[in-house]
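Engineer: Contents of target-v5.txt (compact mmCIF, C-alpha atoms):
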```txt
# COMPACT_ATOMS: atom_id res chain seq x y z
CA MET U 21 -123.92 64.28 -0.62
CA GLU U 22 -125.87 63.54 -3.78
CA ARG U 23 -124.30 60.85 -5.90
CA ARG U 24 -125.08 60.05 -9.50
CA VAL U 25 -125.43 56.36 -10.22
CA THR U 26 -125.37 54.96 -13.74
CA GLY U 27 -126.95 51.54 -13.16
CA HIS U 28 -124.89 48.52 -12.15
CA VAL U 29 -125.58 44.97 -11.17
CA GLY U 30 -128.34 43.49 -9.38
CA ILE U 31 -130.06 40.83 -11.68
CA LEU U 32 -132.26 40.70 -13.13
CA SER U 33 -134.97 39.83 -10.32
CA ALA U 34 -136.06 43.19 -8.70
CA LEU U 35 -134.67 44.06 -5.30
CA LEU U 36 -136.88 46.39 -3.29
CA ILE U 37 -135.66 47.73 0.02
CA CYS U 38 -138.96 48.53 1.70
CA SER U 39 -137.89 49.46 5.17
CA ILE U 40 -134.86 50.08 7.31
CA GLY U 41 -136.77 51.69 10.05
CA SER U 42 -135.08 52.07 13.42
CA ALA U 43 -132.48 54.25 15.05
CA ARG U 44 -130.10 51.30 14.89
CA GLY U 45 -129.63 52.06 11.20
CA ALA U 46 -128.01 55.38 12.07
CA GLU U 47 -125.91 53.75 14.81
CA SER U 48 -124.46 51.31 12.27
CA GLY U 49 -123.60 54.04 9.79
CA GLY U 50 -126.88 54.18 7.83
CA VAL U 51 -128.63 57.44 7.07
CA LEU U 52 -132.28 57.60 8.14
CA VAL U 53 -134.48 60.09 6.31
CA GLU U 54 -137.82 61.33 7.61
CA LYS U 55 -140.54 60.87 4.97
CA PRO U 56 -143.98 62.48 5.35
CA THR U 57 -146.46 59.62 5.17
CA THR U 58 -148.79 61.64 2.90
CA ALA U 59 -146.13 62.63 0.38
CA PRO U 60 -146.63 61.21 -3.13
CA THR U 61 -144.13 58.75 -4.50
CA ASP U 62 -143.68 56.99 -7.80
CA LEU U 63 -141.27 54.41 -6.37
CA MET U 64 -144.05 51.87 -5.89
CA PRO U 65 -147.39 53.36 -6.98
CA GLY U 66 -150.28 52.31 -4.77
CA ILE U 67 -148.06 51.39 -1.83
CA PRO U 68 -148.15 54.08 0.92
CA ARG U 69 -145.04 55.28 2.67
CA ARG U 70 -144.52 53.92 6.16
CA SER U 71 -144.73 56.16 9.20
CA VAL U 72 -141.24 55.33 10.44
CA PRO U 73 -137.96 56.91 9.30
CA GLN U 74 -136.60 54.78 6.49
CA LEU U 75 -134.34 54.47 3.55
CA GLU U 76 -136.57 54.18 0.51
CA SER U 77 -134.99 52.73 -2.60
CA ALA U 78 -135.46 50.26 -5.41
CA LEU U 79 -133.05 48.67 -7.85
CA ARG U 80 -134.58 49.72 -11.17
CA ARG U 81 -132.21 48.01 -13.60
CA GLU U 82 -128.65 46.96 -14.29
CA VAL U 83 -126.56 47.90 -17.30
CA LEU U 84 -124.74 45.24 -19.32
CA VAL U 85 -122.08 46.25 -21.83
CA VAL U 86 -122.60 44.00 -24.86
CA GLY U 87 -120.81 43.30 -28.12
CA ASP U 88 -123.77 42.70 -30.44
CA MET U 89 -127.02 44.51 -29.62
CA ASP U 90 -129.25 42.48 -31.95
CA ARG U 91 -127.91 39.23 -30.52
CA SER U 92 -128.46 40.36 -26.92
CA ILE U 93 -131.99 41.63 -27.61
CA ALA U 94 -132.89 38.30 -29.21
CA PHE U 95 -131.45 36.42 -26.22
CA TYR U 96 -133.39 38.31 -23.53
CA GLN U 97 -136.58 38.32 -25.60
CA ASN U 98 -136.58 34.62 -26.39
CA VAL U 99 -134.97 33.07 -23.29
CA PHE U 100 -136.72 35.21 -20.65
CA GLY U 101 -139.69 36.70 -22.49
CA MET U 102 -138.58 40.29 -21.95
CA SER U 103 -139.79 43.09 -24.21
CA ARG U 104 -138.03 46.18 -25.53
CA TYR U 105 -138.98 49.17 -23.35
CA TYR U 106 -136.52 51.81 -24.62
CA ASP U 107 -134.22 52.04 -27.65
CA ARG U 108 -131.88 54.91 -28.47
CA ILE U 109 -128.74 55.54 -30.53
CA TYR U 110 -126.81 58.69 -29.66
CA LYS U 111 -123.34 60.25 -29.61
CA THR U 112 -121.20 61.32 -26.66
CA THR U 113 -117.83 62.99 -26.19
CA ALA U 114 -115.14 62.51 -23.56
CA ASP U 115 -116.74 65.36 -21.58
CA ASP U 116 -120.22 63.83 -21.36
CA GLU U 117 -119.64 60.06 -21.42
CA TYR U 118 -121.94 57.97 -19.21
CA LEU U 119 -119.82 54.86 -18.72
CA PRO U 120 -116.01 54.48 -18.70
CA LEU U 121 -115.96 52.42 -21.90
CA GLY U 122 -112.46 52.04 -23.32
CA GLU U 123 -110.47 55.20 -24.06
CA PRO U 124 -112.29 58.52 -23.57
CA GLY U 125 -113.33 60.19 -26.80
CA PRO U 126 -116.20 60.67 -29.25
CA ARG U 127 -118.45 57.63 -29.25
CA THR U 128 -121.65 56.36 -30.86
CA ASN U 129 -123.74 54.46 -28.30
CA HIS U 130 -126.71 52.12 -28.64
CA PHE U 131 -128.76 51.88 -25.44
CA VAL U 132 -131.71 49.50 -25.02
CA ILE U 133 -133.79 48.67 -21.93
CA MET U 134 -135.48 45.27 -21.73
CA LYS U 135 -138.50 44.94 -19.42
CA GLY U 136 -139.86 41.89 -17.64
CA SER U 137 -143.27 41.50 -16.00
CA HIS U 138 -142.93 44.32 -13.45
CA PRO U 139 -143.74 47.76 -14.91
CA GLN U 140 -140.82 49.52 -13.20
CA LEU U 141 -138.36 47.16 -11.53
CA GLY U 142 -135.93 44.48 -12.58
CA MET U 143 -135.10 45.82 -16.04
CA ILE U 144 -131.99 44.89 -18.01
CA ALA U 145 -130.23 47.67 -19.92
CA LEU U 146 -127.99 46.74 -22.85
CA TRP U 147 -125.26 49.18 -23.85
CA GLN U 148 -123.16 48.78 -26.99
CA SER U 149 -120.34 51.00 -28.17
CA VAL U 150 -121.12 51.06 -31.89
CA ASP U 151 -118.17 53.27 -32.86
CA PRO U 152 -115.47 52.69 -31.80
CA VAL U 153 -116.06 48.97 -31.27
CA LEU U 154 -114.87 47.54 -27.96
CA PRO U 155 -112.55 44.51 -28.05
CA PRO U 156 -114.15 41.21 -26.95
CA PRO U 157 -113.16 39.79 -23.54
CA LYS U 158 -110.24 37.38 -23.55
CA ASP U 159 -112.27 34.74 -21.71
CA PRO U 160 -115.99 35.47 -21.28
CA TYR U 161 -116.39 32.35 -19.11
CA ALA U 162 -113.49 33.01 -16.71
CA ARG U 163 -113.90 31.97 -13.09
CA MET U 164 -115.57 34.61 -10.95
CA GLY U 165 -113.87 36.77 -8.34
CA ILE U 166 -114.21 40.05 -6.49
CA GLY U 167 -116.08 42.53 -8.66
CA SER U 168 -118.07 39.85 -10.46
CA ALA U 169 -121.85 39.60 -10.16
CA VAL U 170 -124.57 36.99 -10.61
CA ARG U 171 -127.91 38.09 -12.04
CA VAL U 172 -131.05 36.25 -10.92
CA VAL U 173 -134.10 35.89 -13.16
CA GLN U 174 -137.38 34.30 -12.10
CA VAL U 175 -139.52 32.76 -14.84
CA ASN U 176 -142.81 30.86 -15.02
CA HIS U 177 -141.80 28.22 -17.59
CA ILE U 178 -138.21 27.33 -16.88
CA GLU U 179 -138.06 24.29 -19.17
CA ALA U 180 -138.76 26.46 -22.22
CA SER U 181 -136.18 29.01 -21.07
CA TYR U 182 -133.56 26.29 -20.54
CA LYS U 183 -134.12 24.80 -23.99
CA ARG U 184 -133.64 28.18 -25.66
CA LEU U 185 -130.53 29.31 -23.75
CA GLU U 186 -127.94 27.86 -26.09
CA GLN U 187 -130.16 28.31 -29.14
CA TYR U 188 -129.85 32.08 -28.68
CA GLY U 189 -126.14 32.26 -27.95
CA GLY U 190 -125.98 31.38 -24.25
CA LYS U 191 -124.04 28.64 -22.51
CA VAL U 192 -125.11 26.31 -19.68
CA PHE U 193 -122.97 26.30 -16.54
CA ARG U 194 -125.14 24.19 -14.22
CA PRO U 195 -127.93 22.12 -15.82
CA LEU U 196 -131.59 22.33 -14.86
CA HIS U 197 -132.26 20.81 -11.44
CA SER U 198 -134.83 21.09 -8.65
CA GLY U 199 -134.94 21.13 -4.88
CA GLU U 200 -136.77 22.62 -1.92
CA THR U 201 -135.98 25.91 -0.22
CA VAL U 202 -137.50 27.99 2.58
CA GLY U 203 -138.29 31.55 1.48
CA GLY U 204 -138.20 34.74 3.50
CA ASP U 205 -141.92 34.26 4.15
CA GLY U 206 -141.26 30.92 5.84
CA ILE U 207 -142.96 28.91 3.09
CA THR U 208 -141.15 25.86 1.72
CA ARG U 209 -141.27 25.83 -2.06
CA THR U 210 -140.02 23.61 -4.81
CA VAL U 211 -137.53 25.60 -6.87
CA LYS U 212 -136.34 24.61 -10.33
CA SER U 213 -133.07 26.29 -11.31
CA TYR U 214 -130.23 26.43 -13.78
CA PHE U 215 -127.16 28.63 -14.18
CA GLY U 216 -126.06 29.87 -17.57
CA TYR U 217 -124.16 32.58 -19.41
CA ASP U 218 -125.69 35.12 -21.77
CA PRO U 219 -123.97 35.71 -25.16
CA ASP U 220 -121.42 38.11 -23.61
CA GLY U 221 -120.50 35.87 -20.67
CA TYR U 222 -122.72 37.39 -17.97
CA LEU U 223 -123.65 34.67 -15.47
CA ILE U 224 -127.37 34.30 -14.73
CA GLU U 225 -129.21 32.17 -12.19
CA VAL U 226 -132.64 31.27 -13.54
CA ASN U 227 -135.31 29.83 -11.28
CA GLU U 228 -138.97 28.97 -11.09
CA ARG U 229 -140.58 28.97 -7.65
CA ILE U 230 -143.54 26.63 -7.17
CA LEU U 231 -145.97 27.07 -4.27
CA PRO U 232 -147.07 23.98 -2.32
CA GLU U 233 -150.30 22.56 -3.73
CA LYS U 234 -152.19 23.32 -0.51
CA LEU U 235 -151.52 27.04 -0.97
CA MET U 236 -152.50 27.21 -4.65
CA PRO U 237 -156.26 27.84 -4.09
CA ALA U 238 -155.53 30.88 -1.90
CA ALA U 239 -152.98 32.16 -4.42
CA ARG U 240 -155.47 31.82 -7.27
CA ARG U 241 -158.11 33.67 -5.25
CA ALA U 242 -155.68 36.48 -4.48
CA ALA U 243 -154.67 36.74 -8.14
CA SER U 244 -158.29 37.07 -9.20
CA VAL U 245 -158.97 40.11 -6.98
CA PRO U 246 -158.55 43.39 -8.93
CA SER U 247 -155.79 45.68 -7.63
CA GLY U 248 -157.09 48.13 -5.05
CA HIS U 249 -160.08 45.91 -4.16
CA GLU U 250 -158.42 43.37 -1.90
CA SER U 251 -160.72 41.87 0.68
CA THR U 252 -159.83 41.94 4.34
CA PRO U 253 -160.04 38.87 6.58
```
Any chance you could give the structure as structure tokens?
Structural biologist:
Amino acid sequence: MERRVTGHVGILSALLICSIGSARGAESGGVLVEKPTTAPTDLMPGIPRRSVPQLESALRREVLVVGDMDRSIAFYQNVFGMSRYYDRIYKTTADDEYLPLGEPGPRTNHFVIMKGSHPQLGMIALWQSVDPVLPPPKDPYARMGIGSAVRVVQVNHIEASYKRLEQYGGKVFRPLHSGETVGGDGITRTVKSYFGYDPDGYLIEVNERILPEKLMPAARRAASVPSGHESTP
């Protein structure tokens, strides 16, 4: 059955499900789809499809319902360095509404997509009901529970981001700190992190991952190779 999805949660750091490629997926309730390996795809340009049955998907963006569009744009631009990718004001009726915002009826919407470094993934969409105006939450910093979500943003200069959080309407929950963690690639990295709220009370984990010094030369060499011209060992 085809299901329409109108963007929800994920944060803000791009989740790509590259491969779920064995019959066990079907045994556990997953649906495996055969994909011709030569078929074109715009999911991840330049990355070929695998030859095994797989679920192919990517979390493109999440949608945040906000109370002040200008304030939210300024926050994501200045705290995380995002840029405005899409900006549209339009009207909907109860018959063609996109999100269940308040009571059904005619509505003027302002929809903006903010883009990070990746050209397709990890975007943040901001959605404001301009008319009628939605009431503010009773407690934007209430304790989390089922149905809540944490967005994760990775940055390159976390100190600058941390200093600007409250300047642009955010609120610190857990101050900037650092520690070591082992990634999915088995590499131990130093990770600097803080947790904070955006102007509407959305909780965000912000981190900066630092490679060990011994791996930096190889990383710099890899970064200097033009895309599509990678050398083979």
Engineer: Suppose you want the space between CA of Pro195 (chain U) and CA of Met89 (chain U); what is it in Å?
Structural biologist: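 Answer for the CA of Pro195 (chain U) to CA of Met89 (chain U) separation: 26.3 Å.
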Engineer: Using all atoms listed in the file, can you tell me which of U:Gln174, U:Thr112, U:Arg209, U:Pro152 comes closest to Met236 (chain U)?
Structural biologist: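 Using all atoms listed in the file, Met236 (chain U) sits closest to U:Arg209.
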Engineer: For each of U:Asn98, U:Thr201, U:Thr128, U:Ser103, take the minimum atom-to-atom distance to Val150 (chain U), counting all atoms listed in the file, then give the residue where this is smallest.
Structural biologist: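 When distances to Val150 (chain U) are compared using all atoms listed in the file, the smallest one comes from U:Thr128.
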Engineer: I need the residue nearest Ala94 (chain U) from this list: U:Glu186, U:Glu233, U:Asp205, U:Glu123. Use all atoms listed in the file for the distance.
Structural biologist: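 For Ala94 (chain U), the nearest of the given residues is U:Glu186.
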Engineer: Hey, which of U:Pro237, U:Arg108, U:Tyr188, U:Val175 ends up closest to Lys212 (chain U)? Count only C-alpha atoms.
Structural biologist: U:Val175
Engineer: Hey, can you pull every residue with an atom no more than 8 Å from (-122.2, 47.4, -30.7), using only C-alpha atoms, and send it as a PDB file with C-alpha atoms, in the coordinates of the input?
Structural biologist:
```pdb
ATOM      1  CA  VAL U  86    -122.600  44.000 -24.860  1.00  0.00           C
ATOM      2  CA  GLY U  87    -120.810  43.300 -28.120  1.00  0.00           C
ATOM      3  CA  ASP U  88    -123.770  42.700 -30.440  1.00  0.00           C
ATOM      4  CA  MET U  89    -127.020  44.510 -29.620  1.00  0.00           C
ATOM      5  CA  ASN U 129    -123.740  54.460 -28.300  1.00  0.00           C
ATOM      6  CA  HIS U 130    -126.710  52.120 -28.640  1.00  0.00           C
ATOM      7  CA  TRP U 147    -125.260  49.180 -23.850  1.00  0.00           C
ATOM      8  CA  GLN U 148    -123.160  48.780 -26.990  1.00  0.00           C
ATOM      9  CA  SER U 149    -120.340  51.000 -28.170  1.00  0.00           C
ATOM     10  CA  VAL U 150    -121.120  51.060 -31.890  1.00  0.00           C
ATOM     11  CA  ASP U 151    -118.170  53.270 -32.860  1.00  0.00           C
ATOM     12  CA  VAL U 153    -116.060  48.970 -31.270  1.00  0.00           C
ATOM     13  CA  LEU U 154    -114.870  47.540 -27.960  1.00  0.00           C
TER      14      LEU U 154
END
```
Engineer: Quick one: pull the distance between CA of Phe95 (chain U) and CA of Leu141 (chain U), Å, one decimal.
Structural biologist: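 A separation of 19.5 Å between them.
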Engineer: Between U:Val211, U:Val192, U:Val83, U:Arg91, which is the closest to Tyr118 (chain U) once you count only C-alpha atoms?
Structural biologist: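 Selected residue with least distance to Tyr118 (chain U): U:Val83.
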Engineer: Of the residues U:Val173, U:Leu223, U:Ala145, U:Leu235, which is the one nearest to Phe100 (chain U), using all atoms listed in the file?
Structural biologist: U:Val173
Engineer: Quote the spacing between CA of Gly203 (chain U) and CA of Tyr222 (chain U) in Å to one decimal place.
Structural biologist: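 Taking CA of Gly203 (chain U) as the start and CA of Tyr222 (chain U) as the end point, the length is 25.6 Å.
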Engineer: Taking the partial coordinates given, rebuild region 126-143 of chain U to contain N, CA and C atoms; return it as a CSV table (one decimal), keeping the file's coordinate frame.
Structural biologist:
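Now in result13.csv:
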```
chain,number,residue,atom,x,y,z
U,126,PRO,N,-114.9,60.7,-28.6
U,126,PRO,CA,-116.2,60.7,-29.2
U,126,PRO,C,-116.7,59.2,-29.4
U,127,ARG,N,-118.0,59.0,-29.2
U,127,ARG,CA,-118.4,57.6,-29.2
U,127,ARG,C,-119.9,57.6,-29.7
U,128,THR,N,-120.3,56.6,-30.5
U,128,THR,CA,-121.6,56.4,-30.9
U,128,THR,C,-122.1,55.2,-30.0
U,129,ASN,N,-123.2,55.4,-29.2
U,129,ASN,CA,-123.7,54.5,-28.3
U,129,ASN,C,-125.1,54.0,-28.7
U,130,HIS,N,-125.4,52.7,-28.4
U,130,HIS,CA,-126.7,52.1,-28.6
U,130,HIS,C,-127.2,51.6,-27.3
U,131,PHE,N,-128.3,52.2,-26.8
U,131,PHE,CA,-128.8,51.9,-25.4
U,131,PHE,C,-130.2,51.3,-25.5
U,132,VAL,N,-130.4,50.1,-25.0
U,132,VAL,CA,-131.7,49.5,-25.0
U,132,VAL,C,-132.1,49.0,-23.6
U,133,ILE,N,-133.3,49.2,-23.2
U,133,ILE,CA,-133.8,48.7,-21.9
U,133,ILE,C,-134.8,47.6,-22.2
U,134,MET,N,-134.6,46.4,-21.6
U,134,MET,CA,-135.5,45.3,-21.7
U,134,MET,C,-136.3,45.1,-20.4
U,135,LYS,N,-137.6,45.0,-20.6
U,135,LYS,CA,-138.5,44.9,-19.4
U,135,LYS,C,-139.1,43.6,-19.2
U,136,GLY,N,-139.2,43.1,-18.0
U,136,GLY,CA,-139.9,41.9,-17.6
U,136,GLY,C,-141.3,42.1,-17.3
U,137,SER,N,-141.9,41.4,-16.3
U,137,SER,CA,-143.3,41.5,-16.0
U,137,SER,C,-143.6,42.7,-15.2
U,138,HIS,N,-142.7,43.2,-14.3
U,138,HIS,CA,-142.9,44.3,-13.4
U,138,HIS,C,-142.8,45.6,-14.3
U,139,PRO,N,-143.7,46.6,-14.1
U,139,PRO,CA,-143.7,47.8,-14.9
U,139,PRO,C,-142.6,48.7,-14.7
U,140,GLN,N,-141.9,48.6,-13.5
U,140,GLN,CA,-140.8,49.5,-13.2
U,140,GLN,C,-139.5,48.9,-12.8
U,141,LEU,N,-139.6,47.7,-12.2
U,141,LEU,CA,-138.4,47.2,-11.5
U,141,LEU,C,-137.8,46.0,-12.3
U,142,GLY,N,-136.5,45.7,-12.0
U,142,GLY,CA,-135.9,44.5,-12.6
U,142,GLY,C,-135.6,44.5,-14.1
U,143,MET,N,-135.4,45.7,-14.6
U,143,MET,CA,-135.1,45.8,-16.0
U,143,MET,C,-133.6,45.5,-16.3
```
